[in-house]
Structures are given as structure tokens and as C-alpha cells.
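Visitor: Below: one structure in C-alpha cells.
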Amino acid sequence: MSHPASDITSVLKEGRVFSPSSEFSQNAHIKSFAEYEEIYNRAANDPEGFWSEIAKELEWFSPWEKVLDWQLPFAKWFVGGKLNISHNCLDRHLKTWRKNKAAIIWEGEPGESRILTYQALHREVCRFANALKAHGIEKGDRVAIYMPMIPELAIAMLACARIGATHSVVFGGFSANALKDRINDAQAKAVITADGGYRRGQELPLKPAVDEALEDCPTIKQVFVYRRTNNQFITMKEGRDHWWHDVVANVSDHCEAEQLDSEHPLFILYTSGTTGKPKGILHTTGGYSVSTYITTKWVFDLKEEDTYWCTADIGWVTGHSYIVYGPLSNGATSLMYEGAPNWPYPDRFWNLIDKYQVNIFYTAPTAIRAFIKWGEEWPKRHSLASLRLLGTVGEPINPEAWMWYHKLIGKEKCPIVDTWWQTETGAIMITPLPGATPTVPGSATRPFPGIIMDVVTKKGESVPDNVGGYLVIKKPWPSMLRTIYGDDERYKQQYWSEIPGCYFAGDGARRDERGYFWIMGRVDDVLNVSGHRLSTMEIESALVSHPAVAEAAAVGRPDPLKGEAVAVFVTLEGGRKGSEDLKQELREHVAKEIGALAKPDDIRFTDALPKTRSGKIMRRLLREIAAGSETIGDTTTLEDISILAKLREDEE
Ligand code: WT7
């Protein structure tokens with residue numbers, strides 16, 4: 001870990017302030033900054049009181065006896081309460097006029113469209129839940145889900161939640177190998193998948209990767225396969241594999257939601273950490289339900305008539321919280337799109353916004369930078385008049401991208417909510433409330449009510465305004481991760497040991513005189529590539545598993561499109577020579593080990609890696625070389641200074 005205070009020289013001087021229109025504010029859930037501050041202060045003085053008020057907006061089978069049981073770093077929220085998130089996302093609405101409201105509007109990449117009302121979604125979830133039960137899946141079992149962006153992905157999650165099976169969604173872009181590791185870590189009993197999906201006009205097969213993974217997954221007993229692409233080359237293994245349409249053919253439409261303990265494990269979602277092994281972030285039922293429900297309502301200022309679209313993939317936490325659980329627990333209409341933003345043309349998103357009259361649009365800065373690159377003629381071909389609110393997530397948004405989003409997409413009338421959070425936090429932590437908070441391009445502004453945050457030194461002392469430090473959360477919150485699945489010790493170490501008494505997020509930040517937070521990026525060995533988290537160690541271990549590679553070091557390099565690109569320095573076995581072919585081979589090897597998203601952008605062969613006397617790879621130096629910047633600072637600890645010179649030469 002390096003101290004981010006040294007990076008503070010690049011502090012942004014951003015003076016532009018954008019306030020919501022009075023019309024927007026008057027109609028918003030939270031109508032003014034004074035109202036936000038009043039709620040924030042009330043919640044800060046009595047977080048448990050605040051969260052229990054919110055929790056009462058959901059339906060509980062039995063009430064909780066205690067709001068919070070906090071034994072640092074282990075939290076239990078709404079202790080003794082019983083509920084089911086699938087019930088809150090579905091059954092709760094069926095008693096109202098929402099029964100026939102669109103829950104999910106879906107468009108496939110080839111252009112087909114499906115609309116599932118709350119009643120229809122409830123029916124499909126019940127049927128699939130019954131099919132799972134009929135195949136021996138029980139409360140407490142772990143179920144891996146590896147699917148394209150189709151409604152059945154949401155149905156599978158809600159069906160698991162309904163019967164109390166813990167789902168572990170694995171992003172469809174991960175390789176067979178990555179899927180295997182995740183299945184084995186969670187000891188999953190079943191996999192839910194599809195023959196494939198569509199991406200950029202191509203069929204992307206999924207079932208073959210499942211078959212490959214399962215060669216080495218002894219805990220898997222059942223595989224459920226949804227037919228999406230009608231791929232004729234799919235093979236089904238007798239006794240293990242079942243077609244989705246077969247298992248739901250003769251089951252009841254009725255499946256009672258299990259009355260689950262508030263702390264019942266809802267899902268595991270793997271994310272990269274500072275070691276080579278991904279962390280299974282565990283979220284539980286009650287607290288996660290409460291936080292995702294209220295953040296969706298207030299941050300996106302949800303109205304009954306809104307069409308809401310979050311463009312993330314459900315394979316990431318953003319999709320879990322803000323395509324599935326948050327919107328559906330609010331009874332909202334959530335749009336889901338299967339494919340690429342530039343298929344068949346770079347205006348697919350704008351086309352979808354006009355076609356479905358989307359009102360709220362939530363996307364990533366990396367996507368916005370791609371739109372900028374593709375040119376303004378694409379959004380200009382569409383009206384986009386239905387939009388009233390925009391959001392971003394995943395990485396710091398550069399003010400240029402913010403202004404483009406504001407002008408070209410928001411037509412200077414839509415507030416932009418820049419939301420900071422993480423897989424671990426489960427829900428949005430720092431964000432403007434769109435009718436209340438004046439926004440400044442590049443700042444996620446203020447913490448959500450009930451969330452107590454600070455910027456501190458390594459010792460946990462608050463730093464003054466505009467001084468860089470570590471971003472921490474000082475009090476437990478309902479949707480916090482409960483542990484790293486199967487590894488309480490690592491959970492303690494990673495999140496609660498760096499800074500005394502606080503949750504350490506891994507980000508550097510500063511707070512300005514308005515109390516606004518400015519996120520400066522990761523301070524650990526985690527990269528943020530196109531809003532996706534990658535661990536340098538994971539990439540390095542993928543590389544050294546290739547027979548030609550002796551040693552590897554991966555670092556981030558600033559990239560105008562991806563935010564960060566992956567640069568790797570590689571030394572080869574026994575005097576092997578680097579070549580373009582070998583570079584290509586190594587890229588493919590990393591894709592096979594992890595997934596295409598981890599493919600290095602930049603591979604450099606070197607005779608040796610610069611190390612300190614104690615043998616630590618000097619990453620800062622490598623980062624500077626990768627970025628092409630001048631080497632600054634003290635290099636006297638370099639084991640062999642000539643290596644630096646050598647690397648520099650290669651640069652020329
Ligand atoms: C990391 C979490 C949960 C959202 C999707 C990513 C970075 C996230 C912002 C933002 C600056 C951001 C942080 C964080 N990040 N949102 N609005 N501004 N940075 O989830 O994969 O768990 O990654 O993404 O570095 O720690 P994730």
C-alpha cells in the first residue's frame with residue numbers, strides 16, 4: 001500500500017456546480033439539501049433507529065428483536081427477523097395494481113423483446129424454484145449461475161432466493177477455469193446456465209465452458225440449461241444436465257417463499273483482491289434488502305411510472321443490486337438488455353432509450369468515454385427526451401466525460417448521480433440525492449444517510465479538508481459484506497485491520513470544504529479496468545502458469561478509454577526470446593485462465609524485474625515505466641539499478 005497523500009498534487013480544481021431544477025426538486029423524494037442534511041444528521045445520531053424505520057417499508061414474516069448485533073468486525077442486522085427478498089420483490093406487489101405492471105422489459109441483442117409483468121415474473125420464479133426443489137436443491141445449498149443477460153438470469157436468482165439457496169453468479173465473460181475455481185470455493189451443488197448468449201452479433205457459447213469446468217468440480221450434482229441460442233452442438237450429460245424447459249414443464253405455479261432468517265446467506269459474489277485468489281463476498285438477506293431498497297428509491301428518485309435502466313451486467317454487483325433486487329423490491333420497471341452498446345451501430349443504447357422511453361439511465365464512465373470516441377452524431381440521431389435522471393458507477397468520472405454526459409445525453413436538464421460503492425458494500429454509499437444535492441463534476445458528493453464515512457491516515461486520524469488519505473466507513477451498515485466466504489480471517493485482515501476500528505475500502509480519497517468526497521482510486525494492488533476489478537496478483541499467477549514465463553509483474557497504466565489498462569513485465573524461462581507470437585500466446589493464456597477482460601494490453605519482456613533488497617517487486621517504478629513518465633523518487637533500494645536502465649532502453 002502506498003500513501004495517497006503523495007498523489008495529491010493532481011488535486012482537481014473543479015468549480016462548476018450544478019443544481020437540480022426546482023421542478024425536479026419539488027417532485028423528488030428528498031427535495032432539498034437542507035432536507036438531506038436533516039435526514040443525514042438524524043440517521044448519524046441514531047443509525048439503528050433510521051435503518052429500522054426504513055426496514056419497516058418492507059414485509060417481514062416476523063419482526064426483528066434487535067436491530068444490530070455488532071461484534072467488530074462481525075455484524076448481524078435485524079436479528080431474529082424473518083423475511084424473503086423474493087417475496088418482497090414479487091409477492092408484495094401482487095396484492096396491488098402493480099400485479100400487471102412491467103417488472104422486466106428485456107431486449108435481446110438480435111432485437112427481440114419480452115415484457116414480464118410482476119405476476120408473470122412471480123409465476124416463472126415459482127416454477128423454476130419448484131424445479132430446483134424437485135431436483136434436490138435445498139435451503140442453504142450454493143448454486144452457481146453462469147448466464148447471458150436474459151430474464152432467466154433474474155428468474156434463477158429470485159428462485160434461489162425464494163427457496164433459501166445461496167446464489168453465486170459468475171459473469172459470463174469469465175473463463176471455464178475461473179468458473180471452476182468459484183464453484184469449488186463455494187462448494188456449489190448445481191449450476192444454472194444457458195447454451196449461450198449473443199454479443200456483437202456473435203453467439204457466445206456458455207455450456208461448453210461449464211462442461212470444461214465441471215471436469216474438476218466434484219460437488220456439482222445438477223446442471224440446468226436454458227435454451228437461448230438453439231446451439232445444436234451442445235451436449236447434455238445424462239443424469240446431470242437438464243433443459244430448463246423440461247424441468248419447468250410439469251411443476252406448480254405456486255411456491256411458498258421460505259421464511260428466512262434475516263442473516264440467511266443470500267448470495268456470494270466473487271471479486272478480486274490483493275492476492276491471486278478471488279474473494280467470495282457474502283451478503284445476507286435482511287440488511288441487503290433494506291439498503292438496496294432505499295438507495296434505489298432515493299438515489300434514482302424512483303417514481304411509479306418510471307422506466308429505469310441500469311446497463312451493467314448482472315454478473316457484477318451493480319446488476320445484482322440495481323437491475324434485480326433494488327428495482328424489483330421497489331416495484332419498478334427495470335429494463336434489461338442482452339448485448340453490446342455498439343451493436344449493430346454505436347447508437348444502440350440511445351435507440352433503446354427512445355424505444356422504451358427510459359427515464360432513468362445508469363451506466364459506467366468507461367462506457368461514456370467510448371460514446372465520446374464514437375462521436376456525437378450517434379446520440380444526436382435520437383430524441384432522448386424521456387430521460388430525467390442519469391447515473392454513473394464503477395470508477396472516478398473525469399470532468400470532461402461528466403460534461404459530455406450532461407450535455408449530449410442529459411440535455412443539460414438531468415441531474416447526474418455519481419455513485420461510489422463496492423461489491424463489499426452491497427449498496428450505494430456516497431452519492432448525490434438528485435433533487436437535493438448540488439453536483440460537481442468528478443465528485444460523488446456526500447454519504448447516503450446512515451453511512452458514516454471519513455478520510456483518514458493510516459492510524460485512523462481524520463485528515464484536514466483537501467488532504468488525501470484512506471477512505472473508510474466508520475459504522476456498520478445493513479448491506480455490508482458479512483465475511484469472505486469460508487475465510488473469516490481474511491475478512492478481518494483485508495477490511496478491518498489496516499485502519500483501527502474502521503472498514504477500509506481500498507480507495508484513496510479527499511474531502512473538500514463542502515464535505516464532498518473525491519475518490520482518487522485504489523491504493524492497493526487492485527486495478528480498475530473499464531470499471532472491472534482485477535488483481536495484479538491474479539494476472540501474474542495466470543502468466544507464470546504459462547511454461548515460457550519465469551516471473552511476471554502486472555501494473556496499471558492510465559488509459560483514456562478503460563481508465564486503467566493492464567501492463568505486464570515478463571521474464572522468460574531459460575533464455576527464451578520474446579516475440580510478437582509469444583505475446584499473443586500469453587494474452588490468450590490469460591484469457592483462458594481468467595477471462596478476456598484480464599488480457600494484458602501491453603506486454604514487455606525483460607531480463608529481470610526491479611526488486612528491493614528484500615525481494616519485493618518495485619511496482620511504483622514499473623507503473624511509471626508503463627505510463628511512460630519520468631522516474632522520480634528514491635531508487636537506491638533497487639537491487640540492480642542496471643535493470644531500470646535496461647527497461648528504459650527497451651522503451652526507446
Ligand atoms: C471499486 C469497487 C459497485 C460498483 C461497481 C464496481 C471504484 C466504484 C466509483 C465511483 C470512483 C469508484 C472504487 C471501488 N469505484 N464506483 N463512483 N467513483 N471510484 O464495484 O468491482 O466492487 O469495485 O470501484 O475504486 O473501490 P467493484
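Chain labels follow the order of the C-alpha cells: the first chain is A, the next B, and so on; residue numbering restarts at 1 in every chain, and ligands are counted from 1 in their shown order.
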Counting only C-alpha atoms and all ligand atoms, name the residues that have an atom within 7 Å of an atom of ligand 1; the answer should be given as a list in words.
Guide: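 Using only C-alpha atoms and all ligand atoms, I find these residues within 7 Å of ligand 1: Thr271, Val317, Thr318, Thr392, Val393, Gly394, Glu395, Pro396, Ile397, Asp418, Thr419, Trp420, Trp421, Gln422, Thr423, Glu424, Ala444, Ala505, Gly506, Asp507, Ile519, Met520, Gly521, Arg522, Asn528, Gly531, His532 and Arg533 of chain A.
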Visitor: Could the residues in this selection be written to a file with N, CA, C and O atoms, as an mmCIF file, in the first residue's frame?
Guide:
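Below is the file again-v3.cif, written as the result:
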data_model
loop_
_atom_site.group_PDB
_atom_site.id
_atom_site.type_symbol
_atom_site.label_atom_id
_atom_site.label_comp_id
_atom_site.auth_asym_id
_atom_site.auth_seq_id
_atom_site.Cartn_x
_atom_site.Cartn_y
_atom_site.Cartn_z
ATOM 1 N N THR A 271 -14.968 -11.323 -6.107
ATOM 2 C CA THR A 271 -14.330 -10.110 -6.597
ATOM 3 C C THR A 271 -12.832 -10.217 -6.337
ATOM 4 O O THR A 271 -12.402 -11.001 -5.489
ATOM 5 N N VAL A 317 -21.839 -6.761 -9.128
ATOM 6 C CA VAL A 317 -22.743 -6.381 -8.041
ATOM 7 C C VAL A 317 -23.748 -5.311 -8.482
ATOM 8 O O VAL A 317 -24.877 -5.267 -8.013
ATOM 9 N N THR A 318 -23.329 -4.440 -9.397
ATOM 10 C CA THR A 318 -24.243 -3.383 -9.850
ATOM 11 C C THR A 318 -25.532 -3.991 -10.407
ATOM 12 O O THR A 318 -26.627 -3.502 -10.141
ATOM 13 N N THR A 392 -23.822 7.314 -12.785
ATOM 14 C CA THR A 392 -22.594 6.617 -13.158
ATOM 15 C C THR A 392 -22.071 5.834 -11.964
ATOM 16 O O THR A 392 -22.347 6.159 -10.811
ATOM 17 N N VAL A 393 -21.294 4.829 -12.258
ATOM 18 C CA VAL A 393 -20.694 3.992 -11.225
ATOM 19 C C VAL A 393 -19.494 3.229 -11.767
ATOM 20 O O VAL A 393 -19.423 2.947 -12.961
ATOM 21 N N GLY A 394 -18.564 2.912 -10.892
ATOM 22 C CA GLY A 394 -17.510 1.965 -11.233
ATOM 23 C C GLY A 394 -16.111 2.518 -11.154
ATOM 24 O O GLY A 394 -15.161 1.792 -10.926
ATOM 25 N N GLU A 395 -15.959 3.813 -11.348
ATOM 26 C CA GLU A 395 -14.634 4.431 -11.322
ATOM 27 C C GLU A 395 -14.848 5.942 -11.269
ATOM 28 O O GLU A 395 -15.955 6.416 -11.525
ATOM 29 N N PRO A 396 -13.807 6.663 -10.953
ATOM 30 C CA PRO A 396 -13.969 8.114 -10.945
ATOM 31 C C PRO A 396 -14.331 8.589 -12.355
ATOM 32 O O PRO A 396 -13.810 8.065 -13.336
ATOM 33 N N ILE A 397 -15.255 9.518 -12.456
ATOM 34 C CA ILE A 397 -15.604 10.043 -13.786
ATOM 35 C C ILE A 397 -14.810 11.326 -14.011
ATOM 36 O O ILE A 397 -14.814 12.227 -13.162
ATOM 37 N N ASP A 418 -23.306 10.482 -9.368
ATOM 38 C CA ASP A 418 -22.045 9.730 -9.431
ATOM 39 C C ASP A 418 -22.000 8.931 -8.133
ATOM 40 O O ASP A 418 -21.853 9.495 -7.053
ATOM 41 N N THR A 419 -22.160 7.621 -8.240
ATOM 42 C CA THR A 419 -22.353 6.787 -7.056
ATOM 43 C C THR A 419 -21.111 5.974 -6.734
ATOM 44 O O THR A 419 -20.653 5.187 -7.545
ATOM 45 N N TRP A 420 -20.578 6.159 -5.535
ATOM 46 C CA TRP A 420 -19.429 5.347 -5.105
ATOM 47 C C TRP A 420 -19.897 4.211 -4.215
ATOM 48 O O TRP A 420 -20.621 4.446 -3.239
ATOM 49 N N TRP A 421 -19.479 3.031 -4.552
ATOM 50 C CA TRP A 421 -19.719 1.865 -3.684
ATOM 51 C C TRP A 421 -18.893 0.704 -4.189
ATOM 52 O O TRP A 421 -18.061 0.895 -5.077
ATOM 53 N N GLN A 422 -19.082 -0.475 -3.612
ATOM 54 C CA GLN A 422 -18.262 -1.635 -3.944
ATOM 55 C C GLN A 422 -19.070 -2.917 -3.808
ATOM 56 O O GLN A 422 -20.113 -2.920 -3.154
ATOM 57 N N THR A 423 -18.524 -3.986 -4.368
ATOM 58 C CA THR A 423 -19.132 -5.305 -4.173
ATOM 59 C C THR A 423 -19.365 -5.530 -2.678
ATOM 60 O O THR A 423 -20.407 -6.034 -2.260
ATOM 61 N N GLU A 424 -18.390 -5.133 -1.880
ATOM 62 C CA GLU A 424 -18.442 -5.373 -0.445
ATOM 63 C C GLU A 424 -19.523 -4.555 0.257
ATOM 64 O O GLU A 424 -20.055 -4.980 1.282
ATOM 65 N N ALA A 444 -18.381 12.324 -6.074
ATOM 66 C CA ALA A 444 -19.567 11.532 -5.731
ATOM 67 C C ALA A 444 -20.353 12.216 -4.604
ATOM 68 O O ALA A 444 -21.358 11.694 -4.139
ATOM 69 N N ALA A 505 -11.764 0.623 2.647
ATOM 70 C CA ALA A 505 -12.335 0.336 1.336
ATOM 71 C C ALA A 505 -11.288 0.009 0.285
ATOM 72 O O ALA A 505 -11.611 -0.558 -0.750
ATOM 73 N N GLY A 506 -10.030 0.397 0.517
ATOM 74 C CA GLY A 506 -9.003 0.167 -0.505
ATOM 75 C C GLY A 506 -8.832 1.340 -1.447
ATOM 76 O O GLY A 506 -8.012 1.294 -2.349
ATOM 77 N N ASP A 507 -9.626 2.409 -1.242
ATOM 78 C CA ASP A 507 -9.538 3.594 -2.099
ATOM 79 C C ASP A 507 -8.864 4.744 -1.359
ATOM 80 O O ASP A 507 -8.990 4.875 -0.137
ATOM 81 N N ILE A 519 -12.995 10.684 -4.960
ATOM 82 C CA ILE A 519 -12.336 9.379 -4.926
ATOM 83 C C ILE A 519 -11.128 9.438 -5.857
ATOM 84 O O ILE A 519 -11.242 9.858 -7.006
ATOM 85 N N MET A 520 -9.974 8.985 -5.330
ATOM 86 C CA MET A 520 -8.759 9.070 -6.148
ATOM 87 C C MET A 520 -8.317 7.724 -6.707
ATOM 88 O O MET A 520 -7.283 7.643 -7.347
ATOM 89 N N GLY A 521 -9.058 6.678 -6.439
ATOM 90 C CA GLY A 521 -8.689 5.369 -6.993
ATOM 91 C C GLY A 521 -8.076 4.460 -5.943
ATOM 92 O O GLY A 521 -7.853 4.859 -4.797
ATOM 93 N N ARG A 522 -7.789 3.233 -6.359
ATOM 94 C CA ARG A 522 -7.317 2.206 -5.428
ATOM 95 C C ARG A 522 -5.911 2.537 -4.922
ATOM 96 O O ARG A 522 -5.089 3.056 -5.663
ATOM 97 N N ASN A 528 -8.504 -1.142 -11.842
ATOM 98 C CA ASN A 528 -9.874 -0.890 -12.264
ATOM 99 C C ASN A 528 -9.846 -0.699 -13.778
ATOM 100 O O ASN A 528 -9.552 0.371 -14.290
ATOM 101 N N GLY A 531 -13.951 -0.254 -15.348
ATOM 102 C CA GLY A 531 -14.899 -0.426 -14.243
ATOM 103 C C GLY A 531 -14.911 -1.830 -13.678
ATOM 104 O O GLY A 531 -15.714 -2.141 -12.807
ATOM 105 N N HIS A 532 -14.014 -2.708 -14.144
ATOM 106 C CA HIS A 532 -13.931 -4.065 -13.606
ATOM 107 C C HIS A 532 -12.709 -4.199 -12.728
ATOM 108 O O HIS A 532 -11.629 -3.727 -13.058
ATOM 109 N N ARG A 533 -12.899 -4.864 -11.623
ATOM 110 C CA ARG A 533 -11.816 -5.028 -10.682
ATOM 111 C C ARG A 533 -10.949 -6.212 -11.060
ATOM 112 O O ARG A 533 -11.448 -7.305 -11.261
#
Visitor: Would you please give, as a list in words, all residues of stretch 295-368 of chain A that DSSP assigns to strand (DSSP E or B) based on the backbone?
Guide: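 Strand (DSSP E or B) assignments inside stretch 295-368 of chain A correspond to Thr307, Tyr308, Trp309, Cys310, Thr333, Ser334, Leu335, Met336, Tyr337, Ile360, Phe361, Tyr362 and Thr363 of chain A.
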Visitor: Need the shell around stretch 305-312 of chain A: protein/DNA/RNA residues with any atom at most 7 Å away, counting only C-alpha atoms. Skip same-chain ones fewer than 2 positions apart. Format as a ChimeraX atom specification?
Guide: /A:302-303,314,318-319,322-323,333-336,357-363
Visitor: Only N, CA and C atoms, please: the residues just picked out, written as a PDB file, in the first residue's frame.
Guide:
ATOM      1  N   LEU A 302     -36.973   7.134  -7.662  1.00  0.00           N
ATOM      2  CA  LEU A 302     -37.916   6.302  -8.408  1.00  0.00           C
ATOM      3  C   LEU A 302     -39.361   6.747  -8.266  1.00  0.00           C
ATOM      4  N   LYS A 303     -40.020   6.839  -9.399  1.00  0.00           N
ATOM      5  CA  LYS A 303     -41.452   7.118  -9.418  1.00  0.00           C
ATOM      6  C   LYS A 303     -42.148   5.903 -10.011  1.00  0.00           C
ATOM      7  N   ILE A 314     -25.466  -8.389 -14.928  1.00  0.00           N
ATOM      8  CA  ILE A 314     -25.880  -8.917 -13.624  1.00  0.00           C
ATOM      9  C   ILE A 314     -24.756  -9.743 -12.994  1.00  0.00           C
ATOM     10  N   THR A 318     -23.329  -4.440  -9.397  1.00  0.00           N
ATOM     11  CA  THR A 318     -24.243  -3.383  -9.850  1.00  0.00           C
ATOM     12  C   THR A 318     -25.532  -3.991 -10.407  1.00  0.00           C
ATOM     13  N   GLY A 319     -25.376  -5.074 -11.157  1.00  0.00           N
ATOM     14  CA  GLY A 319     -26.561  -5.746 -11.704  1.00  0.00           C
ATOM     15  C   GLY A 319     -27.390  -6.426 -10.630  1.00  0.00           C
ATOM     16  N   TYR A 322     -28.866  -3.231  -8.598  1.00  0.00           N
ATOM     17  CA  TYR A 322     -29.606  -2.167  -9.285  1.00  0.00           C
ATOM     18  C   TYR A 322     -30.208  -2.563 -10.631  1.00  0.00           C
ATOM     19  N   ILE A 323     -30.230  -3.886 -10.929  1.00  0.00           N
ATOM     20  CA  ILE A 323     -31.113  -4.350 -12.005  1.00  0.00           C
ATOM     21  C   ILE A 323     -32.169  -5.250 -11.381  1.00  0.00           C
ATOM     22  N   THR A 333     -40.105  -0.677 -12.935  1.00  0.00           N
ATOM     23  CA  THR A 333     -39.935  -1.332 -14.222  1.00  0.00           C
ATOM     24  C   THR A 333     -38.468  -1.223 -14.600  1.00  0.00           C
ATOM     25  N   SER A 334     -37.808  -2.399 -14.680  1.00  0.00           N
ATOM     26  CA  SER A 334     -36.369  -2.433 -14.913  1.00  0.00           C
ATOM     27  C   SER A 334     -36.107  -2.966 -16.323  1.00  0.00           C
ATOM     28  N   LEU A 335     -35.388  -2.173 -17.098  1.00  0.00           N
ATOM     29  CA  LEU A 335     -35.041  -2.599 -18.458  1.00  0.00           C
ATOM     30  C   LEU A 335     -33.760  -3.421 -18.410  1.00  0.00           C
ATOM     31  N   MET A 336     -33.735  -4.454 -19.211  1.00  0.00           N
ATOM     32  CA  MET A 336     -32.560  -5.325 -19.247  1.00  0.00           C
ATOM     33  C   MET A 336     -32.208  -5.551 -20.708  1.00  0.00           C
ATOM     34  N   GLN A 357     -38.733   4.537 -23.935  1.00  0.00           N
ATOM     35  CA  GLN A 357     -38.979   5.778 -23.188  1.00  0.00           C
ATOM     36  C   GLN A 357     -38.373   5.703 -21.777  1.00  0.00           C
ATOM     37  N   VAL A 358     -37.095   5.392 -21.752  1.00  0.00           N
ATOM     38  CA  VAL A 358     -36.369   5.266 -20.483  1.00  0.00           C
ATOM     39  C   VAL A 358     -36.275   6.630 -19.796  1.00  0.00           C
ATOM     40  N   ASN A 359     -36.536   6.634 -18.488  1.00  0.00           N
ATOM     41  CA  ASN A 359     -36.487   7.880 -17.727  1.00  0.00           C
ATOM     42  C   ASN A 359     -35.216   8.022 -16.895  1.00  0.00           C
ATOM     43  N   ILE A 360     -34.705   6.882 -16.435  1.00  0.00           N
ATOM     44  CA  ILE A 360     -33.523   6.893 -15.564  1.00  0.00           C
ATOM     45  C   ILE A 360     -32.487   5.968 -16.180  1.00  0.00           C
ATOM     46  N   PHE A 361     -31.283   6.477 -16.323  1.00  0.00           N
ATOM     47  CA  PHE A 361     -30.239   5.726 -17.051  1.00  0.00           C
ATOM     48  C   PHE A 361     -28.975   5.707 -16.219  1.00  0.00           C
ATOM     49  N   TYR A 362     -28.480   4.498 -15.925  1.00  0.00           N
ATOM     50  CA  TYR A 362     -27.346   4.320 -15.005  1.00  0.00           C
ATOM     51  C   TYR A 362     -26.268   3.538 -15.733  1.00  0.00           C
ATOM     52  N   THR A 363     -25.094   4.132 -15.943  1.00  0.00           N
ATOM     53  CA  THR A 363     -24.051   3.452 -16.710  1.00  0.00           C
ATOM     54  C   THR A 363     -22.670   3.751 -16.116  1.00  0.00           C
TER      55      THR A 363
END
Visitor: Just the residues within 9 Å of A:His283, please, counting only C-alpha atoms, with nothing from its chain fewer than 2 positions along; format it as a list in words.
Guide: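 Answer for this query is Glu263, His264, Pro265, Leu266, Phe267, Ile268, Leu269, Ile281, Thr285, Gly287, Tyr288, Glu424, Gly426, Ser479, Met480, Leu481, Arg482 and Thr483 of chain A.
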Visitor: Save the residues we just selected, C-alpha atoms, as an mmCIF file, in the first residue's frame?
Guide:
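Just written: part-v1.cif:
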data_model
loop_
_atom_site.group_PDB
_atom_site.id
_atom_site.type_symbol
_atom_site.label_atom_id
_atom_site.label_comp_id
_atom_site.auth_asym_id
_atom_site.auth_seq_id
_atom_site.Cartn_x
_atom_site.Cartn_y
_atom_site.Cartn_z
ATOM 1 C CA GLU A 263 -28.917 -13.242 8.335
ATOM 2 C CA HIS A 264 -29.559 -16.116 5.935
ATOM 3 C CA PRO A 265 -26.879 -16.039 3.181
ATOM 4 C CA LEU A 266 -28.475 -14.555 0.062
ATOM 5 C CA PHE A 267 -25.538 -14.608 -2.298
ATOM 6 C CA ILE A 268 -21.824 -14.926 -2.779
ATOM 7 C CA LEU A 269 -20.182 -12.767 -5.418
ATOM 8 C CA ILE A 281 -18.095 -11.691 -0.826
ATOM 9 C CA THR A 285 -30.927 -11.322 3.337
ATOM 10 C CA GLY A 287 -29.746 -5.897 5.608
ATOM 11 C CA TYR A 288 -29.086 -6.230 1.902
ATOM 12 C CA GLU A 424 -18.442 -5.373 -0.445
ATOM 13 C CA GLY A 426 -23.713 -4.138 -1.357
ATOM 14 C CA SER A 479 -25.799 -4.277 3.352
ATOM 15 C CA MET A 480 -22.185 -4.666 4.420
ATOM 16 C CA LEU A 481 -20.474 -7.907 3.483
ATOM 17 C CA ARG A 482 -20.649 -10.343 6.375
ATOM 18 C CA THR A 483 -17.442 -12.159 5.607
#
Visitor: In Å to one decimal, how far is atom CA of A:Glu338 from atom CA of A:Thr296?
Guide: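 Separating atom CA of A:Thr296 from atom CA of A:Glu338 is a distance of 21.7 Å.
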Visitor: Please tabulate, as a tab-separated table, the residues of stretch 208-301 of chain A that come within 9 Å of stretch 67-84 of chain A, each with its closest pair of atoms and the distance in Å to one decimal, counting only C-alpha atoms and ordering rows by chain, then residue number upward.
Guide:
residue	atom	partner	partner_atom	distance
A:Ala257	CA	A:Asn84	CA	6.5
A:Glu258	CA	A:Asn84	CA	6.6
A:Gln259	CA	A:Leu83	CA	5.5
A:Leu260	CA	A:Lys82	CA	5.1
A:Asp261	CA	A:Lys82	CA	4.7
A:Ser262	CA	A:Gly81	CA	5.3
A:Glu263	CA	A:Lys76	CA	6.5
A:Thr285	CA	A:Asn84	CA	7.2
A:Gly286	CA	A:Phe78	CA	6.7
A:Gly287	CA	A:Trp77	CA	5.8
A:Ser289	CA	A:Asn84	CA	8.8
Visitor: Could you write out, as a ChimeraX atom specification, all the residues of stretch 1-162 of chain A that DSSP marks as helix (DSSP H, G or I)?
Guide: /A:4-10,22-27,33-45,47-55,85-94,97-100,118-134,151-162
Visitor: One decimal, Å: what's the distance from atom CA of A:Cys89 over to atom CA of A:Ile105, could you say?
Guide: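 These atoms are spaced 15.4 Å apart.
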Visitor: Determine the nearest neighbour of A:Asp601 from the options A:Ile539, A:Ile617, A:Ile473, A:Ile353, counting only C-alpha atoms.
Guide: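 Answer, going by the shortest atom-to-atom distance: A:Ile539.
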Visitor: Using only C-alpha atoms, can you tell me which of A:Asn250, A:Gln232, A:Ser321, A:Thr425 comes closest to A:Arg127?
Guide: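 Using only C-alpha atoms, the shortest distance to A:Arg127 belongs to A:Asn250.
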Visitor: I want to know what sits within 10 Å of A:Leu622, based on only C-alpha atoms, with residues of the same chain fewer than 2 positions away left out; could you give that as a PyMOL selection string?
Guide: chain A and resi 553-557+567-569+609-610+617-620+624-628+631+644+647
Visitor: Go ahead and compute the interatomic distance for atom CA of A:Ala188 and atom CA of A:Ser252, in Å to one decimal.
Guide: 25.5 Å
Visitor: Using only C-alpha atoms, which residues sit within 9 Å of stretch 449-463 of chain A once same-chain residues fewer than 6 positions away are excluded, as an MDAnalysis selection string?
Guide: chainID A and resid 3 36:37 39:48 50:51 429:430 469:477 498:502 508:511 517
